[in-house]
file data-v2.cif (mmCIF, N, CA and C atoms)
data_structure
loop_
_atom_site.label_atom_id
_atom_site.label_comp_id
_atom_site.auth_asym_id
_atom_site.auth_seq_id
_atom_site.Cartn_x
_atom_site.Cartn_y
_atom_site.Cartn_z
N MET U 1 13.02 -6.26 -16.38
CA MET U 1 13.68 -5.13 -15.79
C MET U 1 13.28 -4.95 -14.33
N PHE U 2 11.99 -5.06 -14.01
CA PHE U 2 11.52 -4.82 -12.65
C PHE U 2 11.39 -6.13 -11.88
N SER U 3 11.74 -6.08 -10.59
CA SER U 3 11.54 -7.25 -9.76
C SER U 3 10.15 -7.24 -9.14
N HIS U 4 9.65 -6.02 -8.86
CA HIS U 4 8.33 -5.88 -8.26
C HIS U 4 7.91 -4.41 -8.29
N VAL U 5 6.64 -4.18 -7.99
CA VAL U 5 6.11 -2.83 -7.80
C VAL U 5 5.44 -2.82 -6.44
N MET U 6 5.66 -1.76 -5.68
CA MET U 6 5.00 -1.64 -4.37
C MET U 6 4.28 -0.30 -4.31
N VAL U 7 3.05 -0.34 -3.79
CA VAL U 7 2.28 0.88 -3.57
C VAL U 7 1.85 0.93 -2.11
N GLY U 8 1.65 2.14 -1.63
CA GLY U 8 1.25 2.34 -0.25
C GLY U 8 -0.25 2.26 -0.07
N SER U 9 -0.65 1.91 1.14
CA SER U 9 -2.06 1.86 1.51
C SER U 9 -2.23 2.38 2.92
N ASN U 10 -3.33 3.08 3.14
CA ASN U 10 -3.69 3.54 4.48
C ASN U 10 -4.62 2.56 5.18
N ASP U 11 -5.12 1.56 4.46
CA ASP U 11 -6.06 0.59 5.02
C ASP U 11 -5.85 -0.74 4.30
N ILE U 12 -5.04 -1.61 4.89
CA ILE U 12 -4.67 -2.87 4.25
C ILE U 12 -5.89 -3.76 4.01
N THR U 13 -6.83 -3.79 4.93
CA THR U 13 -8.04 -4.61 4.76
C THR U 13 -8.83 -4.14 3.54
N ARG U 14 -9.00 -2.84 3.40
CA ARG U 14 -9.71 -2.28 2.24
C ARG U 14 -8.95 -2.57 0.95
N SER U 15 -7.64 -2.43 1.00
CA SER U 15 -6.82 -2.71 -0.19
C SER U 15 -6.89 -4.18 -0.58
N LYS U 16 -6.91 -5.06 0.40
CA LYS U 16 -6.99 -6.50 0.10
C LYS U 16 -8.29 -6.81 -0.65
N ALA U 17 -9.41 -6.26 -0.20
CA ALA U 17 -10.68 -6.50 -0.88
C ALA U 17 -10.62 -5.98 -2.32
N PHE U 18 -10.05 -4.80 -2.53
CA PHE U 18 -9.95 -4.19 -3.85
C PHE U 18 -9.04 -5.01 -4.76
N TYR U 19 -7.81 -5.27 -4.33
CA TYR U 19 -6.85 -5.97 -5.18
C TYR U 19 -7.19 -7.45 -5.36
N ASP U 20 -7.75 -8.09 -4.34
CA ASP U 20 -8.19 -9.47 -4.52
C ASP U 20 -9.21 -9.54 -5.66
N ALA U 21 -10.14 -8.58 -5.72
CA ALA U 21 -11.15 -8.55 -6.79
C ALA U 21 -10.50 -8.32 -8.15
N LEU U 22 -9.51 -7.42 -8.23
CA LEU U 22 -8.84 -7.17 -9.51
C LEU U 22 -8.14 -8.43 -10.00
N PHE U 23 -7.40 -9.08 -9.11
CA PHE U 23 -6.67 -10.27 -9.53
C PHE U 23 -7.61 -11.43 -9.83
N ALA U 24 -8.70 -11.56 -9.09
CA ALA U 24 -9.68 -12.62 -9.39
C ALA U 24 -10.25 -12.44 -10.79
N ALA U 25 -10.46 -11.19 -11.21
CA ALA U 25 -11.02 -10.91 -12.54
C ALA U 25 -10.09 -11.35 -13.67
N THR U 26 -8.80 -11.55 -13.35
CA THR U 26 -7.83 -11.97 -14.37
C THR U 26 -7.26 -13.36 -14.07
N GLY U 27 -7.94 -14.12 -13.22
CA GLY U 27 -7.50 -15.48 -12.92
C GLY U 27 -6.41 -15.58 -11.88
N GLY U 28 -6.12 -14.49 -11.19
CA GLY U 28 -5.07 -14.49 -10.17
C GLY U 28 -5.59 -14.90 -8.81
N ALA U 29 -4.65 -15.21 -7.93
CA ALA U 29 -4.98 -15.63 -6.57
C ALA U 29 -5.07 -14.42 -5.64
N PRO U 30 -5.77 -14.56 -4.52
CA PRO U 30 -5.81 -13.49 -3.53
C PRO U 30 -4.41 -13.17 -3.00
N GLY U 31 -4.25 -11.96 -2.49
CA GLY U 31 -2.98 -11.57 -1.91
C GLY U 31 -2.68 -12.35 -0.64
N VAL U 32 -1.39 -12.53 -0.38
CA VAL U 32 -0.92 -13.21 0.82
C VAL U 32 -0.16 -12.19 1.65
N GLU U 33 -0.44 -12.15 2.95
CA GLU U 33 0.24 -11.20 3.82
C GLU U 33 1.59 -11.78 4.24
N ASP U 34 2.67 -10.98 4.08
CA ASP U 34 3.99 -11.45 4.48
C ASP U 34 4.27 -11.08 5.94
N ALA U 35 5.45 -11.39 6.43
CA ALA U 35 5.81 -11.16 7.83
C ALA U 35 5.79 -9.68 8.21
N ARG U 36 5.96 -8.79 7.25
CA ARG U 36 5.94 -7.34 7.52
C ARG U 36 4.55 -6.73 7.41
N GLY U 37 3.55 -7.54 7.09
CA GLY U 37 2.20 -7.03 6.94
C GLY U 37 1.89 -6.51 5.56
N HIS U 38 2.76 -6.76 4.59
CA HIS U 38 2.51 -6.36 3.20
C HIS U 38 1.67 -7.41 2.51
N LEU U 39 0.80 -6.99 1.63
CA LEU U 39 0.08 -7.92 0.76
C LEU U 39 0.96 -8.20 -0.44
N VAL U 40 1.07 -9.45 -0.83
CA VAL U 40 1.89 -9.83 -1.98
C VAL U 40 1.00 -10.55 -2.99
N TYR U 41 1.02 -10.05 -4.22
CA TYR U 41 0.29 -10.67 -5.33
C TYR U 41 1.32 -11.11 -6.36
N ALA U 42 1.26 -12.38 -6.75
CA ALA U 42 2.14 -12.92 -7.80
C ALA U 42 1.24 -13.45 -8.90
N HIS U 43 1.43 -12.93 -10.12
CA HIS U 43 0.56 -13.33 -11.23
C HIS U 43 1.29 -13.05 -12.54
N ARG U 44 1.27 -14.02 -13.44
CA ARG U 44 1.84 -13.88 -14.79
C ARG U 44 3.30 -13.40 -14.76
N GLY U 45 4.05 -13.88 -13.79
CA GLY U 45 5.46 -13.56 -13.72
C GLY U 45 5.81 -12.26 -13.01
N GLY U 46 4.82 -11.51 -12.56
CA GLY U 46 5.08 -10.24 -11.88
C GLY U 46 4.67 -10.30 -10.41
N ARG U 47 5.14 -9.33 -9.65
CA ARG U 47 4.78 -9.22 -8.24
C ARG U 47 4.36 -7.80 -7.94
N LEU U 48 3.23 -7.69 -7.22
CA LEU U 48 2.74 -6.40 -6.73
C LEU U 48 2.63 -6.52 -5.22
N LEU U 49 3.20 -5.54 -4.51
CA LEU U 49 3.12 -5.51 -3.06
C LEU U 49 2.36 -4.27 -2.63
N ILE U 50 1.55 -4.41 -1.59
CA ILE U 50 0.77 -3.32 -1.02
C ILE U 50 1.13 -3.25 0.45
N GLY U 51 1.46 -2.06 0.95
CA GLY U 51 1.81 -1.95 2.36
C GLY U 51 1.72 -0.53 2.88
N LYS U 52 1.72 -0.42 4.18
CA LYS U 52 1.76 0.91 4.80
C LYS U 52 3.14 1.49 4.58
N PRO U 53 3.26 2.80 4.33
CA PRO U 53 4.57 3.40 4.12
C PRO U 53 5.50 3.19 5.32
N ILE U 54 6.74 2.87 5.03
CA ILE U 54 7.72 2.59 6.07
C ILE U 54 7.99 3.82 6.93
N ASP U 55 7.87 5.02 6.35
CA ASP U 55 8.15 6.24 7.12
C ASP U 55 7.03 6.64 8.07
N GLY U 56 5.92 5.88 8.08
CA GLY U 56 4.82 6.17 8.99
C GLY U 56 3.88 7.26 8.52
N LYS U 57 4.19 7.91 7.41
CA LYS U 57 3.31 8.96 6.88
C LYS U 57 2.20 8.32 6.06
N ALA U 58 1.20 9.13 5.72
CA ALA U 58 0.06 8.64 4.93
C ALA U 58 0.50 8.24 3.53
N ALA U 59 -0.11 7.20 3.03
CA ALA U 59 0.10 6.78 1.64
C ALA U 59 -0.69 7.73 0.74
N VAL U 60 -0.06 8.16 -0.34
CA VAL U 60 -0.72 9.00 -1.34
C VAL U 60 -0.38 8.47 -2.72
N GLY U 61 -1.30 8.65 -3.66
CA GLY U 61 -1.05 8.23 -5.04
C GLY U 61 -0.03 9.12 -5.70
N ALA U 62 0.80 8.54 -6.54
CA ALA U 62 1.82 9.31 -7.26
C ALA U 62 1.17 10.14 -8.35
N ASN U 63 1.41 11.43 -8.35
CA ASN U 63 0.90 12.29 -9.40
C ASN U 63 1.76 12.07 -10.64
N GLY U 64 1.17 11.53 -11.69
CA GLY U 64 1.91 11.23 -12.91
C GLY U 64 2.36 9.78 -12.98
N GLY U 65 2.22 9.03 -11.89
CA GLY U 65 2.61 7.62 -11.89
C GLY U 65 1.44 6.73 -12.25
N THR U 66 1.70 5.68 -13.00
CA THR U 66 0.69 4.69 -13.38
C THR U 66 1.31 3.31 -13.33
N ILE U 67 0.57 2.35 -12.80
CA ILE U 67 0.99 0.96 -12.82
C ILE U 67 0.14 0.26 -13.86
N GLY U 68 0.77 -0.34 -14.86
CA GLY U 68 0.06 -1.00 -15.95
C GLY U 68 0.05 -2.50 -15.79
N PHE U 69 -1.09 -3.12 -16.07
CA PHE U 69 -1.28 -4.56 -16.00
C PHE U 69 -1.60 -5.07 -17.41
N THR U 70 -0.89 -6.09 -17.87
CA THR U 70 -1.14 -6.69 -19.17
C THR U 70 -2.36 -7.60 -19.09
N MET U 71 -3.26 -7.45 -20.04
CA MET U 71 -4.48 -8.25 -20.11
C MET U 71 -4.46 -9.14 -21.34
N ASP U 72 -5.13 -10.28 -21.26
CA ASP U 72 -5.19 -11.22 -22.38
C ASP U 72 -6.23 -10.85 -23.43
N SER U 73 -7.19 -9.99 -23.08
CA SER U 73 -8.25 -9.64 -24.03
C SER U 73 -8.93 -8.36 -23.56
N PRO U 74 -9.67 -7.69 -24.46
CA PRO U 74 -10.46 -6.55 -24.04
C PRO U 74 -11.49 -6.93 -22.97
N GLU U 75 -12.06 -8.13 -23.09
CA GLU U 75 -13.06 -8.57 -22.12
C GLU U 75 -12.44 -8.72 -20.72
N GLU U 76 -11.21 -9.22 -20.66
CA GLU U 76 -10.54 -9.34 -19.38
C GLU U 76 -10.25 -7.96 -18.79
N ALA U 77 -9.83 -7.03 -19.62
CA ALA U 77 -9.57 -5.67 -19.15
C ALA U 77 -10.85 -5.03 -18.61
N LYS U 78 -11.95 -5.24 -19.29
CA LYS U 78 -13.24 -4.69 -18.83
C LYS U 78 -13.67 -5.34 -17.52
N ALA U 79 -13.50 -6.65 -17.40
CA ALA U 79 -13.85 -7.35 -16.15
C ALA U 79 -12.99 -6.86 -14.99
N TRP U 80 -11.70 -6.61 -15.25
CA TRP U 80 -10.77 -6.06 -14.26
C TRP U 80 -11.27 -4.69 -13.79
N HIS U 81 -11.60 -3.84 -14.75
CA HIS U 81 -12.10 -2.49 -14.46
C HIS U 81 -13.39 -2.55 -13.64
N ASP U 82 -14.33 -3.38 -14.07
CA ASP U 82 -15.61 -3.49 -13.37
C ASP U 82 -15.43 -4.02 -11.96
N ALA U 83 -14.52 -4.98 -11.77
CA ALA U 83 -14.24 -5.51 -10.43
C ALA U 83 -13.65 -4.42 -9.54
N GLY U 84 -12.79 -3.60 -10.09
CA GLY U 84 -12.21 -2.51 -9.32
C GLY U 84 -13.24 -1.48 -8.88
N VAL U 85 -14.10 -1.07 -9.80
CA VAL U 85 -15.15 -0.10 -9.47
C VAL U 85 -16.10 -0.67 -8.42
N ALA U 86 -16.42 -1.95 -8.53
CA ALA U 86 -17.35 -2.59 -7.58
C ALA U 86 -16.73 -2.79 -6.20
N ASN U 87 -15.41 -2.60 -6.09
CA ASN U 87 -14.73 -2.85 -4.82
C ASN U 87 -13.96 -1.64 -4.31
N GLY U 88 -14.49 -0.46 -4.57
CA GLY U 88 -13.94 0.75 -3.97
C GLY U 88 -13.04 1.58 -4.85
N GLY U 89 -12.80 1.15 -6.08
CA GLY U 89 -11.98 1.93 -7.00
C GLY U 89 -12.82 2.97 -7.73
N THR U 90 -12.13 3.88 -8.41
CA THR U 90 -12.79 4.94 -9.16
C THR U 90 -12.35 4.89 -10.61
N SER U 91 -13.30 4.85 -11.53
CA SER U 91 -12.99 4.89 -12.95
C SER U 91 -12.47 6.29 -13.29
N ILE U 92 -11.35 6.33 -14.02
CA ILE U 92 -10.78 7.62 -14.41
C ILE U 92 -10.44 7.61 -15.89
N GLU U 93 -9.98 8.74 -16.39
CA GLU U 93 -9.63 8.91 -17.80
C GLU U 93 -10.89 8.70 -18.64
N ASP U 94 -10.71 8.27 -19.87
CA ASP U 94 -11.85 7.93 -20.72
C ASP U 94 -12.42 6.59 -20.29
N PRO U 95 -13.66 6.28 -20.66
CA PRO U 95 -14.20 4.95 -20.33
C PRO U 95 -13.34 3.86 -20.97
N PRO U 96 -13.37 2.65 -20.41
CA PRO U 96 -12.60 1.56 -21.01
C PRO U 96 -12.94 1.42 -22.50
N GLY U 97 -11.91 1.21 -23.30
CA GLY U 97 -12.15 1.05 -24.72
C GLY U 97 -10.89 1.06 -25.55
N GLU U 98 -11.09 0.93 -26.85
CA GLU U 98 -9.98 0.87 -27.80
C GLU U 98 -9.43 2.26 -28.07
N ARG U 99 -8.11 2.34 -28.18
CA ARG U 99 -7.41 3.60 -28.49
C ARG U 99 -6.34 3.29 -29.55
N SER U 100 -5.87 4.33 -30.19
CA SER U 100 -4.74 4.20 -31.11
C SER U 100 -3.48 4.52 -30.33
N GLY U 101 -2.55 3.59 -30.31
CA GLY U 101 -1.28 3.80 -29.63
C GLY U 101 -0.15 3.91 -30.64
N ALA U 102 1.02 4.31 -30.18
CA ALA U 102 2.18 4.46 -31.05
C ALA U 102 2.55 3.13 -31.70
N SER U 103 2.25 2.02 -31.00
CA SER U 103 2.59 0.70 -31.54
C SER U 103 1.37 -0.03 -32.10
N GLY U 104 0.28 0.68 -32.34
CA GLY U 104 -0.91 0.06 -32.91
C GLY U 104 -2.10 0.17 -31.98
N PRO U 105 -3.21 -0.53 -32.33
CA PRO U 105 -4.42 -0.43 -31.52
C PRO U 105 -4.26 -1.13 -30.16
N ILE U 106 -4.79 -0.49 -29.14
CA ILE U 106 -4.76 -1.03 -27.78
C ILE U 106 -6.11 -0.83 -27.12
N TYR U 107 -6.40 -1.66 -26.14
CA TYR U 107 -7.59 -1.50 -25.32
C TYR U 107 -7.10 -1.09 -23.94
N LEU U 108 -7.63 0.02 -23.40
CA LEU U 108 -7.21 0.54 -22.11
C LEU U 108 -8.39 0.70 -21.16
N ALA U 109 -8.13 0.51 -19.88
CA ALA U 109 -9.10 0.78 -18.82
C ALA U 109 -8.31 1.32 -17.62
N TYR U 110 -8.72 2.47 -17.10
CA TYR U 110 -8.01 3.11 -16.00
C TYR U 110 -8.84 3.17 -14.73
N LEU U 111 -8.16 3.00 -13.60
CA LEU U 111 -8.77 3.09 -12.26
C LEU U 111 -7.83 3.83 -11.32
N ARG U 112 -8.41 4.37 -10.26
CA ARG U 112 -7.63 4.74 -9.08
C ARG U 112 -8.07 3.78 -7.99
N ASP U 113 -7.09 3.23 -7.26
CA ASP U 113 -7.44 2.36 -6.15
C ASP U 113 -7.95 3.20 -4.99
N PRO U 114 -8.41 2.61 -3.90
CA PRO U 114 -8.97 3.40 -2.80
C PRO U 114 -7.99 4.38 -2.16
N ASP U 115 -6.68 4.21 -2.37
CA ASP U 115 -5.69 5.14 -1.84
C ASP U 115 -5.21 6.15 -2.88
N GLY U 116 -5.77 6.12 -4.08
CA GLY U 116 -5.43 7.09 -5.10
C GLY U 116 -4.37 6.66 -6.09
N ASN U 117 -3.85 5.43 -6.00
CA ASN U 117 -2.87 4.95 -6.96
C ASN U 117 -3.53 4.72 -8.31
N LYS U 118 -2.88 5.19 -9.37
CA LYS U 118 -3.44 5.07 -10.72
C LYS U 118 -3.02 3.74 -11.33
N LEU U 119 -4.01 2.98 -11.82
CA LEU U 119 -3.80 1.67 -12.40
C LEU U 119 -4.36 1.65 -13.82
N CYS U 120 -3.75 0.83 -14.67
CA CYS U 120 -4.19 0.72 -16.05
C CYS U 120 -4.18 -0.73 -16.48
N ALA U 121 -5.27 -1.18 -17.11
CA ALA U 121 -5.30 -2.48 -17.78
C ALA U 121 -5.07 -2.21 -19.26
N LEU U 122 -4.15 -2.97 -19.86
CA LEU U 122 -3.79 -2.76 -21.26
C LEU U 122 -3.78 -4.09 -22.01
N HIS U 123 -4.48 -4.10 -23.12
CA HIS U 123 -4.44 -5.25 -24.03
C HIS U 123 -4.02 -4.73 -25.41
N ARG U 124 -2.96 -5.31 -25.96
CA ARG U 124 -2.52 -4.94 -27.31
C ARG U 124 -3.33 -5.76 -28.31
N ILE U 125 -4.03 -5.07 -29.20
CA ILE U 125 -4.90 -5.71 -30.18
C ILE U 125 -4.08 -6.08 -31.41
N ALA U 126 -4.14 -7.35 -31.79
CA ALA U 126 -3.42 -7.80 -32.97
C ALA U 126 -3.96 -7.09 -34.19
N GLY U 127 -3.08 -6.58 -35.00
CA GLY U 127 -3.52 -5.79 -36.14
C GLY U 127 -3.09 -6.35 -37.37
#
call {"tool": "encode", "arguments": {"input": "data-v2.cif", "output": "structure tokens"}}
result
Amino acid sequence: MFSHVMVGSNDITRSKAFYDALFAATGGAPGVEDARGHLVYAHRGGRLLIGKPIDGKAAVGANGGTIGFTMDSPEEAKAWHDAGVANGGTSIEDPPGERSGASGPIYLAYLRDPDGNKLCALHRIAG
């Protein structure tokens, strides 16, 4: 359904360090800067772009918005979370761990990036 997700950043260098660490924790490559100065991450068939807002105003996290990343295992989700915290992110919600979801057991880990965007690592546990 989605071609890509883009979030705003007030400091591209800081965002690159943060997102490079998240993607490295899941076997992804560092972001590549495009001609417009956006960071582009391509991993597991998806694309995430990070850039300064086009309108010139400050980037702010969406209240109620979350970007979810599919993980291959609970260990990968935890490594993703730990890499984010170690690189300027903030752990939010409950600590990383297993939860009961509408479609069965899941492992979740939540972060806010340095600009306040809410991110989630999700692994569906085979039941």
call {"tool": "residues_around", "arguments": {"input": "data-v2.cif", "residues": "region 81-93 of chain U", "least_positions_apart": "6", "cutoff": "6 Å", "atoms": "all atoms listed in the file", "output": "list in words"}}
result
Ala17, Phe18, Ala21, Leu22, Tyr110, Leu111, Arg112, Asp113 and Pro114 of chain U
call {"tool": "atom_distance", "arguments": {"input": "data-v2.cif", "atom1": "CA of Ser103 (chain U)", "atom2": "atom N of Gly65 (chain U)"}}
result
21.3 Å
call {"tool": "atom_distance", "arguments": {"input": "data-v2.cif", "atom1": "atom C of Ser100 (chain U)", "atom2": "CA of Met6 (chain U)"}}
result
28.0 Å
call {"tool": "closest_residue", "arguments": {"input": "data-v2.cif", "among": "U:Val7, U:Ile106, U:Ala121, U:Ala79", "to": "Ala24 (chain U)", "atoms": "all atoms listed in the file"}}
result
U:Ala79
call {"tool": "residues_around", "arguments": {"input": "data-v2.cif", "residues": "region 44-58 of chain U", "least_positions_apart": "5", "cutoff": "6.5 Å", "atoms": "all atoms listed in the file", "output": "ChimeraX atom specification"}}
result
/U:3-10,37-39
call {"tool": "atom_distance", "arguments": {"input": "data-v2.cif", "atom1": "atom N of Leu108 (chain U)", "atom2": "CA of Pro95 (chain U)"}}
result
8.8 Å
call {"tool": "closest_residue", "arguments": {"input": "data-v2.cif", "among": "U:Trp80, U:Pro74, U:Ala29, U:Ala62", "to": "Gly97 (chain U)", "atoms": "only N, CA and C atoms"}}
result
U:Pro74
call {"tool": "select_by_dssp", "arguments": {"input": "data-v2.cif", "residues": "chain U", "states": "strand (DSSP E or B)", "output": "ChimeraX atom specification"}}
result
/U:5-8,32-33,39-43,46-51,67-70,90-91,97-101,104-112,118-124
call {"tool": "build_atoms", "arguments": {"input": "data-v2.cif", "residues": "region 106-125 of chain U", "atoms": "N, CA, C and O atoms", "output": "mmCIF file, keeping the file's coordinate frame"}}
result
data_model
loop_
_atom_site.group_PDB
_atom_site.id
_atom_site.type_symbol
_atom_site.label_atom_id
_atom_site.label_comp_id
_atom_site.auth_asym_id
_atom_site.auth_seq_id
_atom_site.Cartn_x
_atom_site.Cartn_y
_atom_site.Cartn_z
ATOM 1 N N ILE U 106 -4.790 -0.490 -29.140
ATOM 2 C CA ILE U 106 -4.760 -1.030 -27.780
ATOM 3 C C ILE U 106 -6.110 -0.830 -27.120
ATOM 4 O O ILE U 106 -6.881 0.046 -27.514
ATOM 5 N N TYR U 107 -6.400 -1.660 -26.140
ATOM 6 C CA TYR U 107 -7.590 -1.500 -25.320
ATOM 7 C C TYR U 107 -7.100 -1.090 -23.940
ATOM 8 O O TYR U 107 -6.235 -1.751 -23.357
ATOM 9 N N LEU U 108 -7.630 0.020 -23.400
ATOM 10 C CA LEU U 108 -7.210 0.540 -22.110
ATOM 11 C C LEU U 108 -8.390 0.700 -21.160
ATOM 12 O O LEU U 108 -9.498 1.035 -21.580
ATOM 13 N N ALA U 109 -8.130 0.510 -19.880
ATOM 14 C CA ALA U 109 -9.100 0.780 -18.820
ATOM 15 C C ALA U 109 -8.310 1.320 -17.620
ATOM 16 O O ALA U 109 -7.338 0.694 -17.194
ATOM 17 N N TYR U 110 -8.720 2.470 -17.100
ATOM 18 C CA TYR U 110 -8.010 3.110 -16.000
ATOM 19 C C TYR U 110 -8.840 3.170 -14.730
ATOM 20 O O TYR U 110 -10.054 3.399 -14.786
ATOM 21 N N LEU U 111 -8.160 3.000 -13.600
ATOM 22 C CA LEU U 111 -8.770 3.090 -12.260
ATOM 23 C C LEU U 111 -7.830 3.830 -11.320
ATOM 24 O O LEU U 111 -6.628 3.837 -11.517
ATOM 25 N N ARG U 112 -8.410 4.370 -10.260
ATOM 26 C CA ARG U 112 -7.630 4.740 -9.080
ATOM 27 C C ARG U 112 -8.070 3.780 -7.990
ATOM 28 O O ARG U 112 -9.257 3.520 -7.820
ATOM 29 N N ASP U 113 -7.090 3.230 -7.260
ATOM 30 C CA ASP U 113 -7.440 2.360 -6.150
ATOM 31 C C ASP U 113 -7.950 3.200 -4.990
ATOM 32 O O ASP U 113 -7.940 4.450 -5.072
ATOM 33 N N PRO U 114 -8.410 2.610 -3.900
ATOM 34 C CA PRO U 114 -8.970 3.400 -2.800
ATOM 35 C C PRO U 114 -7.990 4.380 -2.160
ATOM 36 O O PRO U 114 -8.413 5.329 -1.492
ATOM 37 N N ASP U 115 -6.680 4.210 -2.370
ATOM 38 C CA ASP U 115 -5.690 5.140 -1.840
ATOM 39 C C ASP U 115 -5.210 6.150 -2.880
ATOM 40 O O ASP U 115 -4.324 6.947 -2.602
ATOM 41 N N GLY U 116 -5.770 6.120 -4.080
ATOM 42 C CA GLY U 116 -5.430 7.090 -5.100
ATOM 43 C C GLY U 116 -4.370 6.660 -6.090
ATOM 44 O O GLY U 116 -3.985 7.423 -6.967
ATOM 45 N N ASN U 117 -3.850 5.430 -6.000
ATOM 46 C CA ASN U 117 -2.870 4.950 -6.960
ATOM 47 C C ASN U 117 -3.530 4.720 -8.310
ATOM 48 O O ASN U 117 -4.611 4.134 -8.381
ATOM 49 N N LYS U 118 -2.880 5.190 -9.370
ATOM 50 C CA LYS U 118 -3.440 5.070 -10.720
ATOM 51 C C LYS U 118 -3.020 3.740 -11.330
ATOM 52 O O LYS U 118 -1.834 3.409 -11.379
ATOM 53 N N LEU U 119 -4.010 2.980 -11.820
ATOM 54 C CA LEU U 119 -3.800 1.670 -12.400
ATOM 55 C C LEU U 119 -4.360 1.650 -13.820
ATOM 56 O O LEU U 119 -5.333 2.333 -14.124
ATOM 57 N N CYS U 120 -3.750 0.830 -14.670
ATOM 58 C CA CYS U 120 -4.190 0.720 -16.050
ATOM 59 C C CYS U 120 -4.180 -0.730 -16.480
ATOM 60 O O CYS U 120 -3.203 -1.447 -16.247
ATOM 61 N N ALA U 121 -5.270 -1.180 -17.110
ATOM 62 C CA ALA U 121 -5.300 -2.480 -17.780
ATOM 63 C C ALA U 121 -5.070 -2.210 -19.260
ATOM 64 O O ALA U 121 -5.690 -1.327 -19.850
ATOM 65 N N LEU U 122 -4.150 -2.970 -19.860
ATOM 66 C CA LEU U 122 -3.790 -2.760 -21.260
ATOM 67 C C LEU U 122 -3.780 -4.090 -22.010
ATOM 68 O O LEU U 122 -3.157 -5.055 -21.548
ATOM 69 N N HIS U 123 -4.480 -4.100 -23.120
ATOM 70 C CA HIS U 123 -4.440 -5.250 -24.030
ATOM 71 C C HIS U 123 -4.020 -4.730 -25.410
ATOM 72 O O HIS U 123 -4.643 -3.805 -25.935
ATOM 73 N N ARG U 124 -2.960 -5.310 -25.960
ATOM 74 C CA ARG U 124 -2.520 -4.940 -27.310
ATOM 75 C C ARG U 124 -3.330 -5.760 -28.310
ATOM 76 O O ARG U 124 -3.315 -6.993 -28.276
ATOM 77 N N ILE U 125 -4.030 -5.070 -29.200
ATOM 78 C CA ILE U 125 -4.900 -5.710 -30.180
ATOM 79 C C ILE U 125 -4.080 -6.080 -31.410
ATOM 80 O O ILE U 125 -3.396 -5.227 -31.980
#
